[in-house]
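What follows is the content of input-v3.cif (mmCIF, C-alpha atoms and all ligand atoms).
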```cif
data_entry
loop_
_atom_site.group_PDB
_atom_site.id
_atom_site.type_symbol
_atom_site.label_atom_id
_atom_site.label_comp_id
_atom_site.auth_asym_id
_atom_site.auth_seq_id
_atom_site.Cartn_x
_atom_site.Cartn_y
_atom_site.Cartn_z
ATOM 1 C CA MET A 30 -26.942 -5.134 -16.386
ATOM 2 C CA ASN A 31 -30.211 -6.734 -15.313
ATOM 3 C CA ASP A 32 -28.444 -10.102 -15.204
ATOM 4 C CA LEU A 33 -25.810 -8.636 -12.899
ATOM 5 C CA LYS A 34 -28.509 -7.118 -10.697
ATOM 6 C CA THR A 35 -30.268 -10.464 -10.358
ATOM 7 C CA LEU A 36 -27.008 -12.194 -9.544
ATOM 8 C CA VAL A 37 -26.139 -9.637 -6.873
ATOM 9 C CA ARG A 38 -29.647 -9.738 -5.407
ATOM 10 C CA ASN A 39 -29.437 -13.526 -5.053
ATOM 11 C CA HIS A 40 -26.020 -13.210 -3.427
ATOM 12 C CA LEU A 41 -26.857 -10.657 -0.722
ATOM 13 C CA LYS A 42 -29.275 -10.301 2.175
ATOM 14 C CA PRO A 43 -32.269 -8.082 1.267
ATOM 15 C CA SER A 44 -31.030 -5.223 3.479
ATOM 16 C CA ARG A 45 -27.567 -5.293 1.882
ATOM 17 C CA TYR A 46 -29.116 -5.412 -1.603
ATOM 18 C CA LYS A 47 -31.212 -2.370 -0.715
ATOM 19 C CA HIS A 48 -28.035 -0.572 0.421
ATOM 20 C CA THR A 49 -26.351 -1.650 -2.835
ATOM 21 C CA LEU A 50 -29.186 -0.172 -4.920
ATOM 22 C CA GLY A 51 -28.928 3.041 -2.867
ATOM 23 C CA VAL A 52 -25.204 3.236 -3.622
ATOM 24 C CA CYS A 53 -25.952 2.575 -7.289
ATOM 25 C CA LYS A 54 -28.531 5.370 -7.510
ATOM 26 C CA LEU A 55 -26.278 7.992 -5.943
ATOM 27 C CA ALA A 56 -23.181 6.814 -7.817
ATOM 28 C CA VAL A 57 -24.901 7.068 -11.206
ATOM 29 C CA HIS A 58 -26.110 10.556 -10.294
ATOM 30 C CA LEU A 59 -22.605 11.642 -9.274
ATOM 31 C CA ALA A 60 -21.123 9.991 -12.385
ATOM 32 C CA LYS A 61 -23.337 12.203 -14.559
ATOM 33 C CA LEU A 62 -22.267 15.305 -12.640
ATOM 34 C CA TYR A 63 -18.551 14.532 -12.672
ATOM 35 C CA ASP A 64 -18.302 13.128 -16.183
ATOM 36 C CA VAL A 65 -17.602 9.522 -15.265
ATOM 37 C CA ASP A 66 -18.935 6.536 -17.256
ATOM 38 C CA GLU A 67 -22.339 5.762 -15.717
ATOM 39 C CA LYS A 68 -22.068 2.088 -16.537
ATOM 40 C CA ASP A 69 -18.766 1.866 -14.668
ATOM 41 C CA ALA A 70 -20.395 3.543 -11.669
ATOM 42 C CA GLU A 71 -23.285 1.072 -11.844
ATOM 43 C CA ILE A 72 -21.083 -2.025 -12.095
ATOM 44 C CA ALA A 73 -18.754 -0.879 -9.297
ATOM 45 C CA SER A 74 -21.751 -0.078 -7.060
ATOM 46 C CA LEU A 75 -23.480 -3.387 -7.708
ATOM 47 C CA LEU A 76 -20.366 -5.392 -6.851
ATOM 48 C CA HIS A 77 -18.814 -3.267 -4.072
ATOM 49 C CA ASP A 78 -20.231 -5.378 -1.199
ATOM 50 C CA TYR A 79 -20.515 -8.634 -3.140
ATOM 51 C CA CYS A 80 -18.350 -10.526 -0.603
ATOM 52 C CA LYS A 81 -19.713 -8.831 2.521
ATOM 53 C CA TYR A 82 -20.954 -12.148 3.914
ATOM 54 C CA GLU A 83 -17.930 -14.280 3.149
ATOM 55 C CA SER A 84 -16.228 -15.864 6.169
ATOM 56 C CA ASP A 85 -13.148 -14.267 7.722
ATOM 57 C CA GLU A 86 -11.163 -17.273 6.523
ATOM 58 C CA ALA A 87 -12.367 -16.925 2.920
ATOM 59 C CA ILE A 88 -11.448 -13.227 2.953
ATOM 60 C CA LEU A 89 -7.985 -13.868 4.416
ATOM 61 C CA GLU A 90 -7.464 -16.707 1.920
ATOM 62 C CA THR A 91 -8.181 -14.255 -0.934
ATOM 63 C CA PHE A 92 -5.435 -11.978 0.397
ATOM 64 C CA ARG A 93 -3.012 -14.911 0.647
ATOM 65 C CA ARG A 94 -3.632 -16.431 -2.762
ATOM 66 C CA THR A 95 -3.261 -13.062 -4.500
ATOM 67 C CA ASN A 96 -0.140 -12.174 -2.452
ATOM 68 C CA LYS A 97 -1.824 -9.117 -0.976
ATOM 69 C CA PRO A 98 -0.213 -8.183 2.360
ATOM 70 C CA ILE A 99 -2.534 -8.603 5.356
ATOM 71 C CA ASP A 100 -2.152 -5.455 7.468
ATOM 72 C CA ASP A 101 -2.922 -5.051 11.176
ATOM 73 C CA VAL A 102 -6.498 -3.809 10.631
ATOM 74 C CA ILE A 103 -7.421 -6.687 8.295
ATOM 75 C CA MET A 104 -5.739 -9.204 10.590
ATOM 76 C CA ASN A 105 -7.886 -8.007 13.519
ATOM 77 C CA HIS A 106 -11.071 -7.425 11.509
ATOM 78 C CA PRO A 107 -10.983 -9.637 8.401
ATOM 79 C CA ASN A 108 -14.489 -8.595 7.312
ATOM 80 C CA LEU A 109 -13.107 -5.121 6.571
ATOM 81 C CA GLY A 110 -11.310 -6.878 3.723
ATOM 82 C CA HIS A 111 -14.633 -7.601 1.985
ATOM 83 C CA GLY A 112 -13.921 -4.755 -0.450
ATOM 84 C CA TYR A 113 -10.684 -6.368 -1.539
ATOM 85 C CA MET A 114 -12.286 -9.787 -1.933
ATOM 86 C CA SER A 115 -15.216 -8.257 -3.834
ATOM 87 C CA ALA A 116 -12.755 -6.508 -6.164
ATOM 88 C CA VAL A 117 -10.839 -9.743 -6.802
ATOM 89 C CA ILE A 118 -14.054 -11.663 -7.546
ATOM 90 C CA ALA A 119 -15.287 -8.809 -9.772
ATOM 91 C CA LYS A 120 -12.059 -9.059 -11.768
ATOM 92 C CA GLU A 121 -11.939 -12.862 -11.924
ATOM 93 C CA GLN A 122 -15.610 -13.626 -12.509
ATOM 94 C CA PHE A 123 -16.855 -10.491 -14.262
ATOM 95 C CA GLY A 124 -13.670 -9.159 -15.891
ATOM 96 C CA VAL A 125 -14.099 -5.585 -14.641
ATOM 97 C CA SER A 126 -11.647 -2.818 -15.583
ATOM 98 C CA ASP A 127 -8.796 -1.751 -13.307
ATOM 99 C CA ASP A 128 -10.623 1.465 -12.372
ATOM 100 C CA ILE A 129 -13.712 -0.498 -11.273
ATOM 101 C CA PHE A 130 -11.424 -2.960 -9.449
ATOM 102 C CA HIS A 131 -9.855 -0.091 -7.498
ATOM 103 C CA ALA A 132 -13.204 1.577 -6.773
ATOM 104 C CA ILE A 133 -14.519 -1.657 -5.236
ATOM 105 C CA MET A 134 -11.271 -2.370 -3.394
ATOM 106 C CA ASN A 135 -10.974 1.104 -1.847
ATOM 107 C CA HIS A 136 -14.595 1.755 -0.871
ATOM 108 C CA THR A 137 -13.981 0.972 2.823
ATOM 109 C CA PHE A 138 -10.701 2.718 3.683
ATOM 110 C CA GLY A 139 -10.163 5.031 0.733
ATOM 111 C CA ARG A 140 -6.646 5.865 -0.402
ATOM 112 C CA PRO A 141 -4.767 9.053 -1.316
ATOM 113 C CA HIS A 142 -5.276 10.448 -4.837
ATOM 114 C CA MET A 143 -8.284 8.325 -5.781
ATOM 115 C CA SER A 144 -9.710 8.397 -9.316
ATOM 116 C CA MET A 145 -13.061 10.139 -9.786
ATOM 117 C CA LEU A 146 -14.822 6.746 -9.963
ATOM 118 C CA GLU A 147 -13.180 5.676 -6.687
ATOM 119 C CA LYS A 148 -14.265 8.921 -5.017
ATOM 120 C CA ILE A 149 -17.812 8.444 -6.278
ATOM 121 C CA ILE A 150 -18.107 4.887 -4.950
ATOM 122 C CA TYR A 151 -16.500 5.782 -1.602
ATOM 123 C CA LEU A 152 -18.893 8.695 -1.094
ATOM 124 C CA SER A 153 -21.975 6.913 -2.434
ATOM 125 C CA ASP A 154 -21.344 4.107 0.053
ATOM 126 C CA ALA A 155 -21.228 6.669 2.871
ATOM 127 C CA LEU A 156 -24.113 8.864 1.709
ATOM 128 C CA GLU A 157 -26.695 6.617 -0.002
ATOM 129 C CA GLU A 158 -30.350 7.199 0.904
ATOM 130 C CA GLU A 159 -30.631 4.239 3.303
ATOM 131 C CA ARG A 160 -28.029 5.723 5.650
ATOM 132 C CA SER A 161 -28.825 8.304 8.251
ATOM 133 C CA TYR A 162 -26.596 10.120 10.720
ATOM 134 C CA GLU A 163 -26.092 13.672 11.870
ATOM 135 C CA GLY A 164 -24.907 15.941 9.085
ATOM 136 C CA ILE A 165 -25.549 13.493 6.233
ATOM 137 C CA GLU A 166 -27.969 15.827 4.399
ATOM 138 C CA MET A 167 -25.376 18.585 4.277
ATOM 139 C CA LEU A 168 -22.753 16.125 3.035
ATOM 140 C CA ARG A 169 -25.097 14.847 0.318
ATOM 141 C CA GLU A 170 -25.586 18.381 -0.955
ATOM 142 C CA LEU A 171 -21.877 19.128 -0.739
ATOM 143 C CA ALA A 172 -21.062 15.984 -2.762
ATOM 144 C CA LEU A 173 -23.031 17.454 -5.673
ATOM 145 C CA LYS A 174 -21.073 20.721 -5.594
ATOM 146 C CA ASP A 175 -17.549 19.951 -4.396
ATOM 147 C CA ILE A 176 -16.707 16.269 -4.301
ATOM 148 C CA ASN A 177 -13.243 16.739 -2.771
ATOM 149 C CA LYS A 178 -14.590 18.829 0.075
ATOM 150 C CA ALA A 179 -17.323 16.233 0.699
ATOM 151 C CA LEU A 180 -14.714 13.495 0.624
ATOM 152 C CA LEU A 181 -12.564 15.286 3.195
ATOM 153 C CA MET A 182 -15.530 15.822 5.499
ATOM 154 C CA ALA A 183 -16.679 12.205 5.148
ATOM 155 C CA CYS A 184 -13.138 11.095 5.901
ATOM 156 C CA GLN A 185 -12.960 13.364 8.957
ATOM 157 C CA ASN A 186 -16.288 11.929 10.171
ATOM 158 C CA THR A 187 -14.946 8.398 9.823
ATOM 159 C CA LEU A 188 -11.741 9.230 11.701
ATOM 160 C CA ILE A 189 -13.615 10.922 14.547
ATOM 161 C CA PHE A 190 -16.172 8.083 14.724
ATOM 162 C CA GLU A 191 -13.522 5.352 14.909
ATOM 163 C CA LEU A 192 -11.270 7.259 17.328
ATOM 164 C CA LYS A 193 -14.144 7.946 19.731
ATOM 165 C CA ARG A 194 -14.911 4.239 19.809
ATOM 166 C CA GLY A 195 -11.301 3.323 20.418
ATOM 167 C CA ASN A 196 -11.062 1.483 17.095
ATOM 168 C CA MET A 197 -8.017 1.046 14.899
ATOM 169 C CA ILE A 198 -7.558 3.460 11.989
ATOM 170 C CA HIS A 199 -6.468 2.111 8.633
ATOM 171 C CA VAL A 200 -3.321 3.778 7.332
ATOM 172 C CA GLN A 201 -4.944 4.349 3.906
ATOM 173 C CA THR A 202 -7.637 6.485 5.539
ATOM 174 C CA ILE A 203 -5.017 8.671 7.215
ATOM 175 C CA LEU A 204 -3.059 8.983 3.970
ATOM 176 C CA MET A 205 -6.265 9.939 2.133
ATOM 177 C CA HIS A 206 -7.025 12.549 4.784
ATOM 178 C CA ASN A 207 -3.574 14.100 4.540
ATOM 179 C CA ALA A 208 -3.608 14.159 0.742
ATOM 180 C CA LEU A 209 -7.025 15.854 0.708
ATOM 181 C CA VAL A 210 -5.828 18.500 3.201
ATOM 182 C CA GLU A 211 -2.704 19.073 1.145
ATOM 183 C CA GLU A 212 -4.691 19.420 -2.114
ATOM 184 C CA ARG A 213 -7.208 21.843 -0.608
HETATM 185 FE FE FE B 301 -18.582 -2.361 2.125
HETATM 186 FE FE FE B 302 -21.445 -0.731 1.099
#
```
Reformat the file's structure so that it appears as structure tokens.
Amino acid sequence: MNDLKTLVRNHLKPSRYKHTLGVCKLAVHLAKLYDVDEKDAEIASLLHDYCKYESDEAILETFRRTNKPIDDVIMNHPNLGHGYMSAVIAKEQFGVSDDIFHAIMNHTFGRPHMSMLEKIIYLSDALEEERSYEGIEMLRELALKDINKALLMACQNTLIFELKRGNMIHVQTILMHNALVEER
């Protein structure tokens, strides 16, 4: 694991590595609480933003060569596909499991009916200690008690944030929102 940490540190800017360690810390904590393999949480966290600084072209090329459809959001903002590229590299270079692959892939947009590991990585990315925005403390506490409720609130925050700025909304985020409301 220390080898992986060194590799990731050398691959990212210091600020992004700090964020990655923050995600890792929270994800391992949540993994303990929700009975998920801590090592899986650590590996997924360490690699989730691995391709954050790849060029738009490199990200789009990863979609093309793996026959992954390029949707409207990715076409307009290729960097938002860094999760997918990171997941592909994690699989190809580090041989991660399918669950870790999905957790890395879905950390940006989410998806309906995520596994517990996927939920943990999605929320840890949003709530790690380096981030600060209104209401984050309450969400952090909620994540420890009711992960689905925290997920729904984090998802609502994202939707409101993007809508207010006139940004596009990824269909997976809307589907996740609806599934969480339905399950409630
Ligand atoms: Fe990311
Ligand atoms: Fe991240």
| message | For this structure, which residues satisfy the selection - the PyMOL selection byres (((chain A and resi 142-158) around 9) and not hetatm) - when it is evaluated on the file as given? I want them as a ChimeraX atom specification. | response | /A:48-57,59-60,63-66,69-70,73-74,77,128-129,131-141,159-161,165-166,168-169,172,176-177,179-180,183,205,208-209
| Option closest in space to Arg45 in chain A, from A:Lys68, A:Leu173, A:Tyr79, A:Thr91 [counting all atoms listed in the file] |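 Closest to Arg45 in chain A, using all atoms listed in the file: A:Tyr79.
Nearest residue to Ile72 in chain A, choosing from A:Lys193, A:Val125, A:Thr202, A:Asp175 and counting all atoms listed in the file: A:Val125.
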| message | With all atoms listed in the file as the counted atoms, please give the residues lying no more than 12 Å from His106 in chain A, apart from itself and same-chain residues fewer than 3 positions off, as a PyMOL selection string. | response | chain A and resi 84-86+88-89+99-103+109-111+196-199
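Between CA of Ala116 in chain A and CA of Lys47 in chain A lies a distance of 19.7 Å.
Distance annotation: of A:Leu204, A:Leu188, A:Cys80, A:Ala119, the residue with the minimal separation from ligand FE 301 (chain B) is A:Cys80; atom set is all atoms listed in the file.
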| task | I would like the residues chosen by the PyMOL selection byres (((chain A and resi 36) around 12) and not hetatm) on the shown file; could you give them as a list in words? | result |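 Going through the file, the PyMOL selection byres (((chain A and resi 36) around 12) and not hetatm) ends up selecting Met30, Asn31, Asp32, Leu33, Lys34, Thr35, Val37, Arg38, Asn39, His40, Leu41, Tyr46, Leu75, Leu76, Tyr79, Gln122 and Phe123 of chain A.
The coordinates place CA of Gly112 in chain A at 9.5 Å from CA of Phe130 in chain A.
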| Distance criterion (only C-alpha atoms and all ligand atoms): nearest to ligand FE 302 (chain B) out of A:Phe92, A:Leu62, A:Ser115, A:Glu67 | A:Ser115
| query | Just how far from CA of His206 in chain A is CA of Leu181 in chain A, in Å to one decimal? | reply |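 CA of His206 in chain A lies 6.4 Å from CA of Leu181 in chain A.
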| Which residue gives the smallest distance to ligand FE 301 (chain B) among A:Lys120, A:Lys178, A:Lys81, A:Arg94, with all atoms listed in the file counted? | A:Lys81
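Between ligand FE 301 (chain B) and the residues A:Met182, A:Met114, A:Leu171, A:Val200, the shortest atom-to-atom distance, using all atoms listed in the file, involves A:Met114.
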Centre and size of axis-aligned box enclosing range 62-71 of chain A plus 3 Å each side, as JSON:
```
{"center_x": -20.4, "center_y": 8.2, "center_z": -14.5, "size_x": 11.7, "size_y": 20.2, "size_z": 11.6}
```
